[in-house]
file protein_38.csv (CSV, C-alpha atoms and all ligand atoms)
chain,number,residue,atom,x,y,z
A,14,MET,CA,-2.1,-14.3,6.6
A,15,PRO,CA,0.2,-15.1,3.6
A,16,SER,CA,-0.2,-12.9,0.5
A,17,ASP,CA,-1.8,-14.2,-2.7
A,18,ASN,CA,1.6,-14.0,-4.3
A,19,LEU,CA,3.2,-16.4,-1.7
A,20,ILE,CA,0.2,-18.8,-2.0
A,21,GLN,CA,0.7,-18.7,-5.8
A,22,GLN,CA,4.4,-19.5,-5.5
A,23,ALA,CA,3.6,-22.5,-3.4
A,24,ALA,CA,0.9,-23.6,-5.8
A,25,ASP,CA,3.3,-23.3,-8.8
A,26,ILE,CA,5.9,-25.5,-7.1
A,27,LEU,CA,3.2,-28.1,-6.3
A,28,ARG,CA,1.8,-28.0,-9.8
A,29,THR,CA,5.1,-28.6,-11.5
A,30,SER,CA,6.3,-31.3,-9.1
A,31,LYS,CA,6.3,-35.0,-9.9
A,32,ASN,CA,6.8,-36.4,-6.4
A,33,ILE,CA,5.1,-34.7,-3.5
A,34,ALA,CA,5.6,-35.7,0.1
A,35,VAL,CA,3.4,-34.3,2.8
A,36,LEU,CA,4.4,-34.5,6.5
A,37,THR,CA,1.5,-33.8,8.9
A,38,GLY,CA,1.3,-33.4,12.6
A,39,ALA,CA,-1.4,-32.7,15.2
A,40,GLY,CA,-2.0,-29.2,13.8
A,41,VAL,CA,-3.8,-30.6,10.8
A,42,SER,CA,-6.4,-32.2,12.9
A,43,LYS,CA,-6.9,-29.3,15.4
A,44,GLU,CA,-9.7,-27.8,13.3
A,45,SER,CA,-11.5,-31.1,13.5
A,46,GLY,CA,-11.5,-30.8,17.3
A,47,VAL,CA,-8.6,-33.1,18.1
A,48,PRO,CA,-6.2,-31.2,20.4
A,49,THR,CA,-2.5,-30.9,19.6
A,50,PHE,CA,0.2,-31.9,22.1
A,51,ARG,CA,2.2,-28.8,22.6
A,52,ASP,CA,-0.2,-25.8,22.3
A,53,ALA,CA,0.4,-23.8,25.5
A,54,MET,CA,-3.3,-23.6,26.4
A,55,ASP,CA,-5.1,-26.7,25.3
A,56,GLY,CA,-2.3,-29.0,24.1
A,57,LEU,CA,-2.4,-32.5,25.7
A,58,TRP,CA,1.1,-32.3,27.0
A,59,ALA,CA,0.3,-28.9,28.6
A,60,ARG,CA,-2.4,-30.7,30.7
A,61,PHE,CA,-1.1,-34.2,31.1
A,62,ASP,CA,2.4,-35.7,31.9
A,63,PRO,CA,3.6,-37.9,29.0
A,64,GLN,CA,5.9,-39.8,31.4
A,65,GLN,CA,2.8,-41.0,33.3
A,66,LEU,CA,0.7,-41.8,30.2
A,67,ALA,CA,2.7,-42.5,27.1
A,68,THR,CA,5.6,-44.8,28.0
A,69,PRO,CA,5.8,-48.6,28.4
A,70,THR,CA,6.9,-48.1,32.0
A,71,ALA,CA,3.9,-45.9,32.8
A,72,PHE,CA,1.6,-48.6,31.3
A,73,MET,CA,3.3,-51.4,33.4
A,74,GLN,CA,2.9,-49.3,36.6
A,75,ASN,CA,-0.6,-48.2,36.0
A,76,PRO,CA,-2.3,-50.0,33.1
A,77,ARG,CA,-5.7,-48.8,34.0
A,78,LEU,CA,-4.9,-45.1,34.1
A,79,VAL,CA,-3.1,-45.3,30.7
A,80,TRP,CA,-5.8,-47.4,29.1
A,81,ASP,CA,-8.5,-45.0,30.4
A,82,TRP,CA,-6.6,-42.0,29.1
A,83,TYR,CA,-6.5,-43.6,25.6
A,84,GLU,CA,-10.2,-44.5,25.8
A,85,TYR,CA,-10.9,-40.8,26.4
A,86,ARG,CA,-8.8,-39.8,23.4
A,87,ARG,CA,-10.3,-42.6,21.3
A,88,GLU,CA,-13.7,-41.2,21.9
A,89,MET,CA,-12.6,-37.7,21.0
A,90,VAL,CA,-11.0,-39.0,17.8
A,91,ALA,CA,-14.1,-41.2,16.9
A,92,LYS,CA,-16.3,-38.0,16.9
A,93,ALA,CA,-13.9,-36.0,14.7
A,94,ARG,CA,-14.5,-35.5,11.0
A,95,PRO,CA,-12.0,-34.3,8.3
A,96,ASN,CA,-11.7,-30.5,8.0
A,97,PRO,CA,-11.0,-28.5,4.8
A,98,GLY,CA,-7.2,-29.1,5.3
A,99,HIS,CA,-7.6,-32.9,5.1
A,100,LEU,CA,-10.0,-32.6,2.2
A,101,ALA,CA,-7.6,-30.3,0.3
A,102,LEU,CA,-4.8,-32.8,0.7
A,103,ALA,CA,-7.0,-35.7,-0.6
A,104,GLU,CA,-7.9,-33.5,-3.6
A,105,LEU,CA,-4.2,-32.7,-4.2
A,106,GLU,CA,-3.5,-36.5,-4.3
A,107,LYS,CA,-6.1,-36.9,-7.0
A,108,ARG,CA,-4.3,-34.2,-9.1
A,109,ALA,CA,-0.7,-35.1,-8.5
A,110,PRO,CA,1.1,-37.9,-10.3
A,111,SER,CA,2.6,-39.2,-7.0
A,112,LEU,CA,1.8,-38.0,-3.5
A,113,THR,CA,2.5,-39.6,-0.2
A,114,VAL,CA,1.1,-38.4,3.1
A,115,ILE,CA,3.3,-39.2,6.0
A,116,THR,CA,1.4,-38.5,9.2
A,117,GLN,CA,2.4,-38.5,12.9
A,118,ASN,CA,-1.3,-38.5,13.8
A,119,VAL,CA,-2.9,-41.5,15.3
A,120,ASP,CA,-6.4,-40.6,13.9
A,121,ASP,CA,-7.6,-41.7,10.4
A,122,LEU,CA,-8.9,-38.3,9.3
A,123,HIS,CA,-6.6,-38.3,6.2
A,124,GLU,CA,-8.2,-41.6,5.1
A,125,GLN,CA,-11.7,-40.4,5.9
A,126,ALA,CA,-11.0,-37.4,3.7
A,127,GLY,CA,-10.1,-39.7,0.8
A,128,SER,CA,-6.3,-39.8,1.0
A,129,LYS,CA,-5.2,-43.2,-0.3
A,130,ASN,CA,-1.4,-43.2,0.1
A,131,VAL,CA,-1.0,-42.6,3.9
A,132,ILE,CA,1.9,-43.7,6.1
A,133,HIS,CA,1.3,-43.7,9.8
A,134,LEU,CA,4.5,-43.2,11.7
A,135,HIS,CA,3.0,-43.3,15.3
A,136,GLY,CA,0.3,-45.9,15.0
A,137,ASN,CA,-3.4,-45.9,15.1
A,138,ILE,CA,-5.4,-45.1,18.2
A,139,ALA,CA,-8.4,-47.0,17.1
A,140,ARG,CA,-6.5,-50.3,17.2
A,141,SER,CA,-5.2,-52.4,20.1
A,142,LYS,CA,-2.4,-54.9,20.3
A,143,CYS,CA,-1.0,-57.4,22.7
A,144,PHE,CA,1.5,-55.6,25.1
A,145,TYR,CA,3.9,-58.5,24.4
A,146,ASN,CA,3.1,-58.9,20.7
A,147,CYS,CA,2.7,-62.6,21.6
A,148,LYS,CA,1.9,-63.7,18.0
A,149,GLY,CA,4.4,-61.4,16.3
A,150,ASP,CA,4.9,-57.6,16.0
A,151,PRO,CA,2.2,-56.2,16.0
A,152,THR,CA,-0.4,-58.7,17.4
A,153,ILE,CA,-3.5,-56.6,16.6
A,154,VAL,CA,-6.7,-57.6,18.4
A,155,ASP,CA,-10.2,-56.3,17.7
A,156,VAL,CA,-11.3,-55.1,21.1
A,157,SER,CA,-14.9,-54.7,19.9
A,158,LYS,CA,-15.1,-58.5,19.7
A,159,ILE,CA,-14.0,-59.0,23.3
A,160,GLU,CA,-16.3,-58.8,26.3
A,161,TYR,CA,-14.6,-57.1,29.3
A,162,ASP,CA,-15.4,-54.9,32.2
A,163,LYS,CA,-14.7,-51.4,31.0
A,164,THR,CA,-14.2,-50.1,34.6
A,165,GLN,CA,-11.3,-52.5,35.1
A,166,GLY,CA,-8.7,-51.2,32.6
A,167,PRO,CA,-7.2,-53.0,29.7
A,168,PRO,CA,-8.8,-56.2,28.4
A,169,SER,CA,-6.7,-59.4,28.2
A,170,CYS,CA,-5.1,-60.6,25.0
A,171,PRO,CA,-7.2,-63.5,23.7
A,172,HIS,CA,-4.0,-65.4,22.7
A,173,CYS,CA,-1.9,-65.1,25.9
A,174,GLY,CA,-4.1,-63.6,28.5
A,175,ARG,CA,-1.8,-60.7,29.2
A,176,TRP,CA,-2.7,-57.0,28.7
A,177,LEU,CA,-3.8,-55.4,25.5
A,178,ARG,CA,-2.6,-51.8,24.8
A,179,PRO,CA,-3.3,-49.1,22.2
A,180,ASP,CA,-1.4,-49.6,18.9
A,181,VAL,CA,0.4,-46.3,19.2
A,182,VAL,CA,4.1,-45.5,19.5
A,183,TRP,CA,5.1,-44.4,23.1
A,184,PHE,CA,8.1,-42.4,24.2
A,185,GLY,CA,11.2,-44.6,24.1
A,186,GLU,CA,9.7,-47.0,21.5
A,187,MET,CA,10.8,-47.7,18.0
A,188,LEU,CA,8.6,-46.6,15.1
A,189,PRO,CA,7.1,-49.4,12.9
A,190,VAL,CA,10.1,-50.2,10.6
A,191,ASP,CA,8.2,-50.7,7.4
A,192,GLN,CA,6.3,-47.3,7.8
A,193,LEU,CA,9.5,-45.5,8.6
A,194,ASP,CA,11.3,-47.0,5.7
A,195,ALA,CA,8.5,-46.0,3.3
A,196,ALA,CA,8.5,-42.5,4.8
A,197,LYS,CA,12.2,-42.1,4.2
A,198,ILE,CA,11.9,-43.3,0.6
A,199,ALA,CA,9.0,-40.9,-0.1
A,200,SER,CA,11.0,-38.0,1.5
A,201,ALA,CA,14.2,-38.8,-0.3
A,202,SER,CA,12.5,-38.9,-3.7
A,203,ALA,CA,10.2,-35.9,-3.2
A,204,ASP,CA,10.6,-32.8,-5.4
A,205,VAL,CA,8.6,-30.9,-2.8
A,206,MET,CA,7.6,-31.6,0.8
A,207,LEU,CA,4.6,-29.9,2.4
A,208,VAL,CA,5.2,-29.8,6.2
A,209,ILE,CA,1.9,-29.1,8.0
A,210,GLY,CA,1.0,-28.6,11.6
A,211,THR,CA,4.0,-30.1,13.3
A,212,SER,CA,6.3,-28.6,15.9
A,213,GLY,CA,9.2,-30.7,14.4
A,214,LEU,CA,10.3,-31.6,17.9
A,215,VAL,CA,9.9,-35.4,17.8
A,216,THR,CA,12.4,-37.5,15.9
A,217,PRO,CA,12.7,-39.4,13.7
A,218,ALA,CA,9.7,-37.8,12.0
A,219,ALA,CA,11.2,-34.3,12.4
A,220,THR,CA,14.3,-35.4,10.4
A,221,LEU,CA,12.3,-36.2,7.3
A,222,PRO,CA,12.1,-32.6,6.0
A,223,GLU,CA,15.9,-32.3,6.4
A,224,LEU,CA,16.3,-35.6,4.4
A,225,ALA,CA,14.0,-34.3,1.7
A,226,LYS,CA,15.8,-30.9,1.5
A,227,SER,CA,19.2,-32.6,1.4
A,228,ARG,CA,18.0,-34.5,-1.8
A,229,GLY,CA,16.9,-31.3,-3.4
A,230,ALA,CA,13.3,-31.0,-2.4
A,231,LYS,CA,11.7,-27.6,-1.8
A,232,ILE,CA,10.1,-27.3,1.6
A,233,ILE,CA,6.7,-25.6,2.0
A,234,GLU,CA,5.5,-25.2,5.6
A,235,VAL,CA,2.0,-24.5,6.7
A,236,ASN,CA,1.7,-23.5,10.4
A,237,PRO,CA,0.4,-20.4,12.3
A,238,ASP,CA,3.5,-20.4,14.4
A,239,ASP,CA,7.2,-21.0,13.7
A,240,SER,CA,8.5,-24.5,14.3
A,241,MET,CA,11.8,-26.4,14.2
A,242,ILE,CA,11.2,-26.8,10.5
A,243,THR,CA,10.7,-23.1,9.7
A,244,ARG,CA,14.5,-22.4,9.3
A,245,ILE,CA,14.8,-24.8,6.4
A,246,ALA,CA,11.5,-23.9,4.7
A,247,ASP,CA,11.7,-22.3,1.2
A,248,ILE,CA,8.1,-21.0,1.7
A,249,LYS,CA,6.4,-20.5,5.0
A,250,LEU,CA,2.7,-20.0,4.9
A,251,ASP,CA,1.6,-18.6,8.2
A,252,GLY,CA,-1.9,-19.8,9.0
A,253,VAL,CA,-4.1,-22.7,9.9
A,254,SER,CA,-4.2,-25.6,7.4
A,255,GLY,CA,-8.0,-25.6,7.0
A,256,GLU,CA,-7.7,-22.1,5.5
A,257,ILE,CA,-4.3,-22.2,3.8
A,258,LEU,CA,-4.5,-25.5,2.0
A,259,PRO,CA,-7.8,-24.8,0.1
A,260,ARG,CA,-6.3,-21.5,-1.0
A,261,VAL,CA,-3.2,-23.2,-2.4
A,262,LEU,CA,-5.4,-25.8,-4.2
A,263,GLU,CA,-7.5,-23.0,-5.7
A,264,ALA,CA,-4.3,-21.2,-6.8
A,265,MET,CA,-3.2,-24.4,-8.6
A,266,GLY,CA,-6.2,-24.0,-10.8
A,267,LYS,CA,-9.0,-26.4,-11.5
A,268,ASN,CA,-7.0,-28.7,-13.7
A,269,GLY,CA,-3.7,-28.3,-11.8
A,301,LIG,P1,2.7,-30.6,18.4
A,301,LIG,O1,1.6,-30.4,19.4
A,301,LIG,O2,4.0,-30.7,18.9
A,301,LIG,O3,2.7,-29.4,17.3
A,301,LIG,C1,1.5,-29.0,16.7
A,301,LIG,C2,1.9,-27.9,15.7
A,301,LIG,O4,0.7,-27.6,15.0
A,301,LIG,C3,2.4,-26.6,16.3
A,301,LIG,O5,3.6,-26.2,15.6
A,301,LIG,C4,1.2,-25.6,16.1
A,301,LIG,O6,1.7,-24.3,15.8
A,301,LIG,C5,0.6,-26.2,14.8
A,301,LIG,N1,-0.8,-25.9,14.6
A,301,LIG,C6,-1.8,-25.6,15.6
A,301,LIG,N2,-3.0,-25.4,15.0
A,301,LIG,C7,-2.8,-25.6,13.6
A,301,LIG,C8,-3.7,-25.5,12.5
A,301,LIG,N3,-5.0,-25.3,12.7
A,301,LIG,N4,-3.1,-25.7,11.3
A,301,LIG,C9,-1.8,-25.9,11.1
A,301,LIG,N5,-0.9,-26.0,12.2
A,301,LIG,C10,-1.4,-25.8,13.4
A,301,LIG,O7,2.2,-31.9,17.5
A,301,LIG,P2,3.2,-32.8,16.6
A,301,LIG,O8,4.3,-32.0,16.0
A,301,LIG,O9,2.3,-33.6,15.8
A,301,LIG,O10,3.9,-38.4,19.4
A,301,LIG,O11,3.8,-33.7,17.7
A,301,LIG,C11,4.7,-34.8,17.3
A,301,LIG,C12,4.5,-36.0,18.2
A,301,LIG,O12,4.6,-35.6,19.6
A,301,LIG,C13,3.1,-36.6,18.2
A,301,LIG,O13,2.9,-37.4,17.1
A,301,LIG,C14,3.0,-37.3,19.5
A,301,LIG,C15,3.6,-36.3,20.4
A,301,LIG,O14,4.2,-36.7,21.5
A,301,LIG,C16,3.5,-39.7,19.8
A,301,LIG,O15,2.4,-39.8,20.2
A,301,LIG,C17,4.5,-40.7,19.6
call {"tool": "encode", "arguments": {"input": "protein_38.csv", "output": "structure tokens"}}
result
Amino acid sequence: MPSDNLIQQAADILRTSKNIAVLTGAGVSKESGVPTFRDAMDGLWARFDPQQLATPTAFMQNPRLVWDWYEYRREMVAKARPNPGHLALAELEKRAPSLTVITQNVDDLHEQAGSKNVIHLHGNIARSKCFYNCKGDPTIVDVSKIEYDKTQGPPSCPHCGRWLRPDVVWFGEMLPVDQLDAAKIASASADVMLVIGTSGLVTPAATLPELAKSRGAKIIEVNPDDSMITRIADIKLDGVSGEILPRVLEAMGKNG
């Protein structure tokens, strides 16, 4: 657990910063019951092979398996509610002149908590799109309005009749350009970047703290373990975000 003194140092940096960027990963949603990817025991990639479930080739080879796996995750995410970490970030946004959350998460727990300025780098698991983006990239389709046999894998695109797929970024795919550009701008102009619950193993998201740091931002990391970001962190707060972030907020003071 970080000392009160270290928490206060982080709070003072945040309180005196004009532009705050926040990069979040799966760890921030873990206390909401959504598993991370790389935790040794219960991480998704410890139990499932991403090459068979999260690539365009995997989907073409076995669309039903991939669709069903995302249905399983969708149901898990749909039950999840924001935890004190998400709520603290939403409160911080209310207090800060300019704050952008850049998330790698495909859930909407930041928005549910009340965060307004959220960039999604890896898509949104609740949404589906045409595998071929037949009407332009992305061709989003509301699956709840389509009748299909749920035991038979992905429904068909109402425009072209080909498969629908989840609107998430798979391995080997490009990130949405507008979201990545916005994330780079927010990172490059930040006075401080909070990096929360990410292993920092997946690029380009993992390069954003480096970009922020190279433009003079302080890096504050919140993670119970060390990550690829730890070596560039000015302050490392060891612990879970649902406990650390409310403490930081409290240390900023009521009117911080
Ligand atoms: P990872 O699973 O790689 O890392 C999760 C991080 O969260 C680890 O560093 C944990 O130590 C930390 N952690 C665990 N519990 C925490 C808690 N309660 N509070 C704070 N931190 C905690 O997840 P990501 O870094 O998000 O990509 O993974 C990056 C990308 O890899 C994901 O977006 C996904 C995956 O493949 C796509 O789906 C495109």
call {"tool": "residues_near_ligand", "arguments": {"input": "protein_38.csv", "ligand": "ligand LIG 301 (chain A)", "cutoff": "8 Å", "atoms": "only C-alpha atoms and all ligand atoms", "output": "PyMOL selection string"}}
result
chain A and resi 37-44+48-52+56-58+63+67+117-119+135+181-184+209-215+218+235-240+252-255
call {"tool": "residues_around", "arguments": {"input": "protein_38.csv", "residues": "segment 15-28 of chain A", "least_positions_apart": "4", "cutoff": "6 Å", "atoms": "all atoms listed in the file", "output": "list of chain:residue names"}}
result
A:Leu250, A:Asp251, A:Val261, A:Ala264, A:Met265, A:Gly269
call {"tool": "closest_atom_pairs", "arguments": {"input": "protein_38.csv", "of": "segment 82-171 of chain A", "to": "segment 30-33 of chain A", "cutoff": "6 Å", "atoms": "only C-alpha atoms", "output": "JSON lines"}}
result
{"residue": "A:Pro110", "atom": "CA", "partner": "A:Lys31", "partner_atom": "CA", "distance": 6.0}
{"residue": "A:Ser111", "atom": "CA", "partner": "A:Asn32", "partner_atom": "CA", "distance": 5.1}
{"residue": "A:Leu112", "atom": "CA", "partner": "A:Ile33", "partner_atom": "CA", "distance": 4.7}
call {"tool": "closest_residue", "arguments": {"input": "protein_38.csv", "among": "A:Arg178, A:Lys129, A:His99, A:His172", "to": "Trp80 of chain A", "atoms": "only C-alpha atoms"}}
result
A:Arg178
call {"tool": "residues_around", "arguments": {"input": "protein_38.csv", "residues": "Asp150 of chain A", "least_positions_apart": "4", "cutoff": "12 Å", "atoms": "all atoms listed in the file", "output": "list in words"}}
result
Lys142, Cys143, Phe144, Tyr145, Asn146, Val154, Asp180, Met187, Leu188, Pro189, Val190 and Asp191 of chain A
call {"tool": "closest_residue", "arguments": {"input": "protein_38.csv", "among": "A:Asp204, A:Asp55, A:Glu104, A:Asp81", "to": "Leu258 of chain A", "atoms": "only C-alpha atoms"}}
result
A:Glu104
call {"tool": "closest_residue", "arguments": {"input": "protein_38.csv", "among": "A:Gln74, A:Ser128, A:Ser45, A:Gln64", "to": "Arg108 of chain A", "atoms": "only C-alpha atoms"}}
result
A:Ser128
call {"tool": "atom_distance", "arguments": {"input": "protein_38.csv", "atom1": "atom CA of Leu66 of chain A", "atom2": "atom CA of Arg87 of chain A"}}
result
14.2 Å
call {"tool": "closest_residue", "arguments": {"input": "protein_38.csv", "among": "A:Leu122, A:Ala34, A:Val79, A:Leu105", "to": "Gly46 of chain A", "atoms": "all atoms listed in the file"}}
result
A:Leu122
call {"tool": "closest_residue", "arguments": {"input": "protein_38.csv", "among": "A:Ile257, A:Ala93, A:Val35, A:Ala201", "to": "Leu224 of chain A", "atoms": "all atoms listed in the file"}}
result
A:Ala201
